[in-house]
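Asker: Below are the structure tokens for one structure; questions will follow.
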Amino acid sequence: MTPGSNIPLSAARVTVDVAAPVRLDVSGLLLTADGKVRSDDDFIFYNQPSGPGVTYRSGGGTAPDAITVDTTAVPPGIEKIIVTASPDAAGQTFQGVEPTATVRNGDDNSVLATFTPPQLGSETALVIVEIYLRNGQWKARAVGQGYANGLAGIATDFGVTVEEPAAAAPPQPVTPPPAPVQPPAPPVTAPTAPPAAPATPPPPAPGSGKINLDKGRVSLQKNQTVSLVKGGRPLLAQVKMGLGWEPAYRGKDIDLDASVIAYGPQRNHIDSCYFGKLQIVGGAIKHSGDNLTGEGGGDDEVIMVDLGRLPQEVTGLVFTVNSFSGQKFTEVAKAYCRLLDGTTGEELVRFDLTSAEPQTGVLMAKLIRQFSGEWDMTAMGDFVKSRTVRGMVKPAAQAL
């Protein structure tokens with residue numbers, strides 16, 4: 001097939017697999033006549049592998065991931081299922097990668113069509129094929145539309161709220177406004193911070209007995225705060241926030257997603273960094289990518305924060321963990337977060353989540369910029385009913 005060409009489907013069940021020299025993440029979206037999903041339930045991928053008439057199959061890294069469409073089970077009102085692909089490695093583009101989509105009969109695996117999009121370069125995500133209904137006939141069309149801004153760009157086009165479309169579009173507009181807004185920001189922040197400070201567990205640093213890093217690694221309990229100061233100097237280098245978890249009682253794999261949400265001085269949401277948007281605020285915050293099982297030792301997901309490079313308008317960061325697949329935190333054991341020196345790997349601060357609630361989201365920790373320039377880290381451990389980072393934005397703002 002060539003871009004834009006289509007074929008009628010001779011089978012009611014078809015499977016679209018996407019093969020490449022590198023591992024790809026493949027997903028499917030069910031779209032209505034207006035080209036939008038109805039809800040998050042219409043986004044079929046590794047975290048949510050089945051939906052009405054559409055299923056996802058992982059190749060496990062040795063075979064291509066695939067989306068299967070049973071046209072007889074697609075609900076009324078859905079007129080198109082698009083199949084997307086993106087490189088599994090964080091930040092990798094399709095430069096030099098030639099993905100090939102194969103449309104197969106879902107029952108006997110016979111090949112109905114193949115399509116390799118031409119001339120790919122800086123794209124990090126791709127709508128490769130669509131299965132669509134036209135005049136009562138289901139067809140397959142070769143698309144090959146690329147997105148330089150990854151899954152977030154696809155989300156913007158098709159309304160997948162889990163991918164935070166609101167954050168995907170404005171990352172650049174958000175940064176320029178602070179220049180004109182910057183002059184008012186310090187005056188506004190200065191008067192408001194004194195009343196706000198008591199709300200953040202301990203009040204201002206001098207004489208408050210706040211812990212710092214002088215005595216080495218700090219282990220926090222819920223609502224305790226540590227000042228990221230060592231030897232009288234603020235820590236303004238790169239740090240890593242590692243988040244980890246294990247299934248409770250040797251249960252099934254647990255797939256959680258770690259994120260960080262950036263706020264301004266008025267608790268205004270600036271941007272969110274998560275598995276669908278691996279870097280924000282000019283690259284000062286970067287995400288390691290999605291971990292699918294929580295198995296193995298060490299951190300499951302890591303978020304790198306370059307404190308010295310954070311724009312002045314970023315005054316608060318809240319680190320969250322969500323279960324998009326709906327598993328509750330009562331199914332999780334050993335959940336924790338820990339702050340490490342980005343250069344040496346030395347663990348600076350650790351917070352172990354000792355309690356659990358049957359919710360799908362948790363606010364793990366927050367970093368707050370103080371007037372004197374240093375950052376404070378506070379352990380949170382507050383549970384929220386939300387499967388996505390989008391649903392954490394308001395609760396996290398209220399917790400700042």
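By order of appearance in the structure tokens: chains A, B, ..., then residues from 1 within every chain, and ligands from 1 in the order shown.
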List as a ChimeraX atom specification the protein and nucleic acid residues near stretch 92-96 of chain A, meaning an atom at most 9 Å away when only C-alpha atoms are counted, but skip any in the same chain fewer than 2 places from it.
Answerer: /A:86-90,98-99,119-126,148
Asker: Identify, on the basis of only C-alpha atoms, every residue whose closest approach to A:Trp138 does not exceed 8 Å; exclude the query and any residue fewer than 2 positions from it along the same chain; express the result as a list in words.
Answerer: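 Here the qualifying residues turn out to be Pro8, Leu9, Thr71, Ile131, Tyr132, Leu133, Arg134, Gly136 and Ala140 of chain A.
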Asker: Using the chain letters and numbers from this document, which residues of stretch 36-160 of chain A does DSSP assign to strand (DSSP E or B), as JSON, numbers by chain?
Answerer: {"A": [43, 44, 45, 48, 50, 51, 54, 55, 56, 57, 60, 63, 66, 67, 68, 69, 70, 80, 81, 82, 83, 84, 85, 86, 87, 100, 101, 102, 103, 104, 105, 111, 112, 113, 114, 115, 125, 126, 127, 128, 129, 130, 131, 132, 133, 134, 137, 138, 139, 140, 141, 142, 143, 144, 145, 146, 147]}
Asker: Excluding A:Gly316 and its own-chain neighbours fewer than 5 positions away, which residues fall within 8 Å of it when counting only C-alpha atoms? Please give them as a list in words.
Answerer: Ala262, Tyr263, Gly264, Pro265, Arg267, Lys366, Leu367, Ile368, Arg369 and Leu400 of chain A
Asker: Could those residues be written to a file, using N, CA, C and O atoms, as a short mmCIF file (atom, residue, chain, number, x, y, z; two decimals), in the first residue's frame?
Answerer:
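In the end it all went to result29.cif:
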```cif
data_model
loop_
_atom_site.label_atom_id
_atom_site.label_comp_id
_atom_site.auth_asym_id
_atom_site.auth_seq_id
_atom_site.Cartn_x
_atom_site.Cartn_y
_atom_site.Cartn_z
N ALA A 262 4.42 20.36 37.45
CA ALA A 262 5.10 21.62 37.77
C ALA A 262 4.07 22.74 37.94
O ALA A 262 3.13 22.86 37.14
N TYR A 263 4.29 23.57 38.98
CA TYR A 263 3.36 24.67 39.29
C TYR A 263 4.11 25.99 39.41
O TYR A 263 5.30 26.03 39.71
N GLY A 264 3.37 27.08 39.22
CA GLY A 264 3.88 28.42 39.41
C GLY A 264 3.55 28.95 40.79
O GLY A 264 2.96 28.25 41.62
N PRO A 265 3.90 30.23 41.06
CA PRO A 265 3.77 30.80 42.40
C PRO A 265 2.32 30.89 42.89
O PRO A 265 2.08 30.95 44.09
N ARG A 267 0.08 28.55 42.43
CA ARG A 267 -0.38 27.17 42.29
C ARG A 267 -0.97 26.91 40.91
O ARG A 267 -1.79 26.00 40.72
N LYS A 366 6.56 16.42 47.45
CA LYS A 366 6.58 17.71 46.76
C LYS A 366 7.89 18.42 47.04
O LYS A 366 8.50 18.26 48.09
N LEU A 367 8.33 19.18 46.05
CA LEU A 367 9.49 20.06 46.19
C LEU A 367 9.00 21.49 46.06
O LEU A 367 8.33 21.83 45.08
N ILE A 368 9.35 22.34 47.03
CA ILE A 368 8.91 23.73 47.04
C ILE A 368 10.13 24.64 47.04
O ILE A 368 11.03 24.49 47.89
N ARG A 369 10.16 25.62 46.13
CA ARG A 369 11.27 26.57 46.09
C ARG A 369 11.04 27.65 47.17
O ARG A 369 9.97 28.28 47.22
N LEU A 400 -0.16 21.92 47.74
CA LEU A 400 1.07 22.73 47.78
C LEU A 400 1.05 23.69 48.98
O LEU A 400 0.00 24.16 49.39
#
```
Asker: Identify, on the basis of only C-alpha atoms, every residue whose closest approach to stretch 303-309 of chain A does not exceed 6 Å; exclude the query and any residue fewer than 3 positions from it along the same chain; express the result as JSON, numbers by chain.
Answerer: {"A": [236, 237, 238, 239, 240, 241, 284, 285, 286, 287]}
Asker: Just to be explicit: take each residue in the selection above, keep N, CA, C and O atoms, and write the result as a short mmCIF file (atom, residue, chain, number, x, y, z; two decimals), in the first residue's frame.
Answerer:
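Final output, saved to out_9.cif:
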```cif
data_model
loop_
_atom_site.label_atom_id
_atom_site.label_comp_id
_atom_site.auth_asym_id
_atom_site.auth_seq_id
_atom_site.Cartn_x
_atom_site.Cartn_y
_atom_site.Cartn_z
N LEU A 236 21.56 22.77 44.06
CA LEU A 236 20.99 23.26 42.82
C LEU A 236 21.53 22.51 41.61
O LEU A 236 21.64 23.04 40.52
N ALA A 237 21.89 21.26 41.84
CA ALA A 237 22.41 20.42 40.75
C ALA A 237 21.30 19.50 40.26
O ALA A 237 20.14 19.63 40.64
N GLN A 238 21.66 18.54 39.42
CA GLN A 238 20.70 17.56 38.96
C GLN A 238 20.39 16.57 40.08
O GLN A 238 21.29 16.06 40.74
N VAL A 239 19.11 16.28 40.25
CA VAL A 239 18.69 15.24 41.19
C VAL A 239 17.79 14.27 40.45
O VAL A 239 17.19 14.61 39.42
N LYS A 240 17.71 13.06 40.97
CA LYS A 240 16.81 12.05 40.40
C LYS A 240 15.78 11.67 41.45
O LYS A 240 16.15 11.38 42.59
N MET A 241 14.51 11.70 41.07
CA MET A 241 13.48 11.17 41.94
C MET A 241 13.15 9.77 41.44
O MET A 241 12.60 9.59 40.35
N ALA A 284 14.54 20.62 31.50
CA ALA A 284 15.03 20.63 32.89
C ALA A 284 14.43 19.49 33.69
O ALA A 284 14.96 19.11 34.74
N ILE A 285 13.32 18.93 33.21
CA ILE A 285 12.70 17.77 33.85
C ILE A 285 12.53 16.70 32.78
O ILE A 285 11.96 16.96 31.72
N LYS A 286 13.05 15.48 33.07
CA LYS A 286 12.97 14.38 32.10
C LYS A 286 12.51 13.11 32.80
O LYS A 286 12.91 12.83 33.93
N HIS A 287 11.72 12.33 32.08
CA HIS A 287 11.16 11.08 32.59
C HIS A 287 11.87 9.91 31.92
O HIS A 287 12.17 9.96 30.73
#
```
Asker: Could you check which of A:Met1, A:Val127, A:Val226, A:Ile78 is closest to A:Gly153, using only C-alpha atoms?
Answerer: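 Smallest separation from A:Gly153 among the options: A:Val127.
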Asker: Can you tell me how far atom CA of A:Asp157 sits from atom CA of A:Val74, in Å to one decimal?
Answerer: 21.4 Å
Asker: Of the residues A:Met364, A:Cys273, A:Val260, A:Leu24, which is the one nearest to A:Phe45, using only C-alpha atoms?
Answerer: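 Once distances to A:Phe45 are computed over only C-alpha atoms, the minimum belongs to A:Leu24.
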Asker: Within 8 Å of A:Ala19, counting only C-alpha atoms, which residues show up once you throw out same-chain ones fewer than 5 positions away? Write them as a VMD selection string, please.
Answerer: chain A and resid 24 63 to 65 99 to 101
Asker: If we count only C-alpha atoms, what is near A:Ala73 at a cut-off of 9 Å, once residues fewer than 6 positions away on the same chain are taken out, given as a list of chain:residue names?
Answerer: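 Once the adjacent positions are removed, what remains is A:Pro52, A:Gly53, A:Val54.
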Asker: So, counting only C-alpha atoms, which residue among A:Glu357, A:Asp107, A:Glu301, A:Asp70 is closest to A:Val321?
Answerer: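 Ranking A:Glu357, A:Asp107, A:Glu301, A:Asp70 by distance to A:Val321, first place goes to A:Glu301.
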Asker: Write out as a list in words the residues lying within 7 Å of A:Thr32, counting only C-alpha atoms and excluding same-chain residues fewer than 4 positions away.
Answerer: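 With the cut-off at 7 Å, the set is Lys36, Val37, Gly77, Ile78, Glu79 and Lys80 of chain A.
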Asker: Looking at A:Val302, A:Leu348, A:Val26, A:Val129, which one is nearest to A:Arg141, with distances taken over only C-alpha atoms?
Answerer: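 Among A:Val302, A:Leu348, A:Val26, A:Val129, it is A:Val129 that comes nearest to A:Arg141.
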Asker: Go through A:Glu130, A:Glu374, A:Asp299, A:Glu347 and flag the residue nearest A:Val143, using only C-alpha atoms for the distances.
Answerer: A:Glu130
